[in-house]
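Trainee: My structure is below; once you've seen it, I'll send some questions.
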Amino acid sequence: MITTHRLPEGAFTALASGGGDAAAVQYVRAAQHSKQIMLLHAIAEAAGDADPASAAVIAFGAAYRLLAAIQATDQSAVTWLLGLPHLSGWAHDCLIHLDQGLAPDFGYLAAAAASAAIRSRVQFELDVPVRDGRVLLPGLGSFSVATQHAWLRLRSDGERLQVGPLIDVRCAELTPEDGSAGPIPHWRGTVLVHAMADGQPWDLLLETADRYLDRYSLPMSTALTAEEAATWRRDIQAAWGLLVRHHGWAAGPVRDGVSVIVPLVPRSDADMDSATSPAAFGAIAASRPPSPVIMAETLVHEFQHLKLSGLMDVVPLIDPCDEKVYAPWRQDPRPAGGLLQGIYAHVGVARFWNVQRHVETEADGILRAQVLYERWRRTIELATGTLLRTGCLTEAGVRFVEMLRDQGRTLEAKPLPAQAMDIATEVALDHRLTWELRHTAIDAAGVAALARAYRRGEPFREQMLPGVRIEEDTRKTYSTVRSRLLSMRYLEPGRFRQLCAAGVPGLSDADALLVRGNASEAAQEYRETIAAATDAQPDAWIGLALAISRLAGMSAQQAFATQLPLLFDVHACLRDQGADGDPLDLAAWVT
C-alpha cells in the first residue's frame, strides 16, 4: 500500500544530528517502500501502453498479477522483494529508459516475482529471461542453464521448482548460500553473510551477479571464489563486532538499513573504494577494505549517504543551483547537493574516529585515529559554512545544515597530542591549496595590474584584488608523491618509516627535506626551484607554502595560506615579462 509520508520532527532532528535512531531509519525505509510501489505502478502503466505481443510485456503482466496474488496471502514476501536494492535499481533504470523513449527491461520483474513466489511457497508458472546462460532469481541466486532460448519456463507447485525441461529442485533449497550447505546442481546461491556480535545478528548479501547493482564507477566483482567469500565474511564479522561493541550509535541503523554489499574490482592493490547510489537504497558497494576498522568506517560512511538520499526523497533540502564549491574531501569542485552528501558522511566519520581513538591500543593505530578524527572534525564547520553561503538550500535544508554544524561543534575538542594536530593541519592545508591552485581562475587583467604595481614598488591594497571564479583544471596540478607520503605518516606509519629510511623514488630534494621535517631548508630549496624554472612550478609552490606554514613568525604565512593562486599567477606574469619576483618578497608585499 502506498502511504503519504510526513517526516516527524523527532525523526528530522535525529537524522540532522548526523546519526538517526532506529525509529528514524525505519521511517526512511518505510518511505522507500512506498517509493518502490509508486515506481512499479508507473512501470506497469508504461507496460500497458507497450506492444501486447512482446514476450517481455507478457511476462511483466504475468509477474505483476503473480505479485498481487502473493500480496493477498503473504505480504512479507512482497515487502522483502520491494526492499531489495536490486529491484529499486531496476525500477530506476526503467524510468530512465522510458524518459529516453527506450524500452525498459520489463522481463526482469518476472524473475523478481519468481523469487517472491519461491520464498512464499506459492504455486506459479512463469516465463523468465535467460541472460548469459543464467536464470537470475534476485535476492536468492541464479541457475546455469544450457539453452539458446531467450526465455525459459518456470513451474512450481510450491514445493518443487522446474526450470525448463531439465532442472527440478526443491524450493526450500533455493536460498542464499551461507557456506553451510552442499552444492546444488545448476544452482549458485547469492553469498549470504551472517554476522553475530553480543547476541546481535546482521544478515546481508554479497551481490556479484545482478546487473542492476553493477552501477558504480568501478565494476562489480562478478565471480567471488569460495576463499574470497570466506574472507569477506571474516572481514564483515570483525567489523560488525567492532560496531556493536564500540559504536552502538551506528550498529543498529547500519543493520536495519544495509542489506547488500556489492564487492568491487579495486583500482589497484593499494586502493580501497566505496560508493552508494540513491537508486539502490540498502546497498553499499566497496572493494575489499584493508582491515576490519576500515570496513567498519566504510559501513558508517556509506550508510550516511544512504540515509540522506532516503531523507531527501521525503524532504527536499536543495534548490536547483549551478554553483560549485570546495569540499575538503574531494579533488573536484562540488555542487551543493554533493557537498551536503559529503558533510553528512563526514559527520558520521568524525563520530566514528572520535570513539575509535579511545579504542585503539597500538601507537600507530592511535595516531591514525587521532589524525582522522581531527582532520574530519575540522571540516564540518568549514563545509557547512560554505554550503550555507551558497543560497542553494531550502528552508528545511538550512535547518538541517545548521543542525549538522552544531553537531560538529559538540564533538569532543580536547587538545590532541601535538603530532596528531600538526599532521591533521598540514594534510588539510595540502589538500586545500592543491584544490585552489587547480580550480581557482583569476582575472588576467587584474593579475597584470598587480604585477605592474609590484614592479613599480606601489603598496598593495585590498582593492587591487582581481575577481576569481571556480573552473575545472585551471592549472595542472595533481596529488604528488609528497602528498601521499605526508598522508602515509598517519595512515601507514610503519610503511612511512620504511620508505623514509630507504629513500623514495620520484621525490625531489625539496620534498625530501620537507618530509624529513627540515622546513627551513625545504623552503629555500623550493624558492631556488621556482627561481631557476622557465615554466610554472605548481607543486613547488604548494611545497613552499607547506614549508612556510611550519616556520613560526614568518610574515608571509598568511599570504601563502590564503592567496596562493594569486601569488602563483602574479609571479608567472612577472616571469613572462622578464622581471624578478622572489616568492617570499611577493608574499610579503601581498601581506
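Simple scheme: letters A, B, ... for chains in C-alpha cells order, numbers from 1 for residues in each chain, numbers from 1 for ligands in the order shown.
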Skip Val135 in chain A itself and residues of its chain fewer than 6 positions away, then list as a PyMOL selection string all residues within 12 Å of it, counting only C-alpha atoms.
Mentor: chain A and resi 107-108+110-112+114-115+127-129+141-147+149-154+163-164+167+186-189+209-210
Trainee: Taking the DSSP secondary structure from the backbone, can you list the residues of range 30-278 of chain A that are strand (DSSP E), as JSON, numbers by chain?
Mentor: {"A": [124, 125, 126, 127, 128, 129, 134, 135, 136, 137, 141, 142, 143, 144, 151, 152, 153, 154, 155, 156, 160, 161, 162, 163, 167, 168, 169, 170, 187, 188, 189, 191, 192, 193, 194, 195, 196, 197, 200, 201, 202, 203, 204, 205, 206, 260, 261, 262, 263, 274, 275]}
Trainee: Taking only C-alpha atoms into account, name the residue in A:Arg368, A:Arg405, A:Arg438, A:Arg6 that is nearest to Pro333 in chain A.
Mentor: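 Between A:Arg368, A:Arg405, A:Arg438, A:Arg6, the residue approaching Pro333 in chain A most closely is A:Arg438.
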Trainee: Name the residues in contact with range 264-277 of chain A at a cut-off of 6 Å, using only C-alpha atoms, excluding same-chain residues fewer than 3 positions from it; report them as a ChimeraX atom specification.
Mentor: /A:219-221,280,284-287,289
Trainee: Write out the residues from the selection above, keeping N, CA, C and O atoms, as a PDB file, in the first residue's frame.
Mentor:
```pdb
ATOM      1  N   PRO A 219      33.787  -1.557 -11.564  1.00  0.00           N
ATOM      2  CA  PRO A 219      32.935  -2.700 -11.899  1.00  0.00           C
ATOM      3  C   PRO A 219      32.716  -3.632 -10.717  1.00  0.00           C
ATOM      4  O   PRO A 219      33.565  -3.753  -9.822  1.00  0.00           O
ATOM      5  N   MET A 220      31.566  -4.286 -10.732  1.00  0.00           N
ATOM      6  CA  MET A 220      31.249  -5.322  -9.756  1.00  0.00           C
ATOM      7  C   MET A 220      32.206  -6.500  -9.918  1.00  0.00           C
ATOM      8  O   MET A 220      32.575  -6.880 -11.034  1.00  0.00           O
ATOM      9  N   SER A 221      32.615  -7.079  -8.804  1.00  0.00           N
ATOM     10  CA  SER A 221      33.387  -8.318  -8.843  1.00  0.00           C
ATOM     11  C   SER A 221      32.416  -9.462  -9.101  1.00  0.00           C
ATOM     12  O   SER A 221      31.618  -9.822  -8.234  1.00  0.00           O
ATOM     13  N   ALA A 280      19.658   2.703  -5.387  1.00  0.00           N
ATOM     14  CA  ALA A 280      19.727   1.355  -4.808  1.00  0.00           C
ATOM     15  C   ALA A 280      19.839   1.467  -3.293  1.00  0.00           C
ATOM     16  O   ALA A 280      20.878   1.156  -2.704  1.00  0.00           O
ATOM     17  N   ILE A 284      25.556  -1.089  -0.368  1.00  0.00           N
ATOM     18  CA  ILE A 284      26.850  -0.406  -0.294  1.00  0.00           C
ATOM     19  C   ILE A 284      27.812  -1.167  -1.196  1.00  0.00           C
ATOM     20  O   ILE A 284      27.907  -2.396  -1.112  1.00  0.00           O
ATOM     21  N   ALA A 285      28.495  -0.443  -2.056  1.00  0.00           N
ATOM     22  CA  ALA A 285      29.499  -1.042  -2.923  1.00  0.00           C
ATOM     23  C   ALA A 285      30.870  -0.727  -2.366  1.00  0.00           C
ATOM     24  O   ALA A 285      31.128   0.397  -1.933  1.00  0.00           O
ATOM     25  N   ALA A 286      31.773  -1.711  -2.376  1.00  0.00           N
ATOM     26  CA  ALA A 286      33.107  -1.481  -1.823  1.00  0.00           C
ATOM     27  C   ALA A 286      34.081  -2.515  -2.360  1.00  0.00           C
ATOM     28  O   ALA A 286      33.724  -3.686  -2.549  1.00  0.00           O
ATOM     29  N   SER A 287      35.305  -2.074  -2.622  1.00  0.00           N
ATOM     30  CA  SER A 287      36.374  -3.040  -2.782  1.00  0.00           C
ATOM     31  C   SER A 287      36.777  -3.505  -1.384  1.00  0.00           C
ATOM     32  O   SER A 287      36.435  -2.863  -0.387  1.00  0.00           O
ATOM     33  N   PRO A 289      38.175  -3.845   1.996  1.00  0.00           N
ATOM     34  CA  PRO A 289      38.958  -2.934   2.845  1.00  0.00           C
ATOM     35  C   PRO A 289      40.196  -3.630   3.389  1.00  0.00           C
ATOM     36  O   PRO A 289      40.237  -4.859   3.516  1.00  0.00           O
TER      37      PRO A 289
END
```
Trainee: Write out as a ChimeraX atom specification which residues come within 12 Å of Gln498 in chain A when counting only C-alpha atoms, dropping same-chain ones fewer than 5 positions away.
Mentor: /A:485,488-489,492-493,503-504
Trainee: Considering only C-alpha atoms, return as a VMD selection string whatever protein or nucleic-acid residues lie within 9 Å of range 407-410 of chain A, sequence-local ones (same chain, fewer than 6 positions apart) excluded.
Mentor: chain A and resid 16 to 18 347 350 to 351 377 to 381
Trainee: So, counting only C-alpha atoms, which residue among A:Met403, A:Gly517, A:Arg456, A:Ile530 is closest to Ile423 in chain A?
Mentor: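 Closest to Ile423 in chain A of all the choices is A:Gly517.
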Trainee: Can you pull out every residue within 7 Å of His194 in chain A, counting only C-alpha atoms, but drop anything in the same chain fewer than 2 positions away, and send it as a list in words?
Mentor: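 Using only C-alpha atoms, the neighbours found are Leu192, Met196, Trp202, Asp203 and Leu204 of chain A.
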Trainee: Write the residues you've just listed into a file as a JSON list (two decimals), in the first residue's frame, and include N, CA and C atoms for each of them.
Mentor:
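The new file result.json reads:
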```
[["chain", "number", "residue", "atom", "x", "y", "z"],
["A", 192, "LEU", "N", 25.53, -15.27, 1.28],
["A", 192, "LEU", "CA", 24.90, -14.71, 2.48],
["A", 192, "LEU", "C", 25.94, -14.61, 3.58],
["A", 196, "MET", "N", 27.37, -12.03, 13.75],
["A", 196, "MET", "CA", 26.79, -12.04, 15.08],
["A", 196, "MET", "C", 27.79, -11.46, 16.07],
["A", 202, "TRP", "N", 23.26, -9.82, 12.15],
["A", 202, "TRP", "CA", 23.14, -8.99, 10.95],
["A", 202, "TRP", "C", 23.33, -9.88, 9.73],
["A", 203, "ASP", "N", 22.29, -10.02, 8.93],
["A", 203, "ASP", "CA", 22.34, -10.81, 7.72],
["A", 203, "ASP", "C", 22.37, -9.88, 6.51],
["A", 204, "LEU", "N", 23.27, -10.14, 5.60],
["A", 204, "LEU", "CA", 23.31, -9.35, 4.37],
["A", 204, "LEU", "C", 23.89, -10.20, 3.25]]
```
Trainee: Show which residues sit within 12 Å of range 87-97 of chain A, as a VMD selection string. Count only C-alpha atoms, and ignore same-chain residues fewer than 4 positions away.
Mentor: chain A and resid 32 to 47 78 to 83 101 to 113 115 to 116 137 to 139 210 to 216 276 to 283
Trainee: Determine the nearest neighbour of Arg255 in chain A from the options A:Leu367, A:Val25, A:Ala540, A:Ala502, counting only C-alpha atoms.
Mentor: A:Val25
Trainee: Restricting the calculation to only C-alpha atoms, which member of A:Glu207, A:Ser291, A:His358, A:Thr190 is positioned closest to Asp235 in chain A?
Mentor: A:Ser291
Trainee: From the set A:Leu429, A:Met312, A:Ala230, A:Ala522, which residue has the shortest atom-to-atom contact distance to Pro328 in chain A, counting only C-alpha atoms?
Mentor: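 Using only C-alpha atoms, the shortest distance to Pro328 in chain A belongs to A:Leu429.
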Trainee: Determine the nearest neighbour of Arg575 in chain A from the options A:Val254, A:Ala451, A:Leu126, A:Ala561, counting only C-alpha atoms.
Mentor: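 Checking each candidate against Arg575 in chain A, we get A:Ala451 as the closest.
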Trainee: Please compute the CA of Thr394 in chain A-CA of Asp21 in chain A distance, one decimal, in Å.
Mentor: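 A separation of 24.1 Å between them.
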Trainee: As a PyMOL selection string, please: every residue in range 153-321 of chain A that DSSP puts in helix (DSSP H, G or I).
Mentor: chain A and resi 171-173+211-213+226-246+248-257+292-312
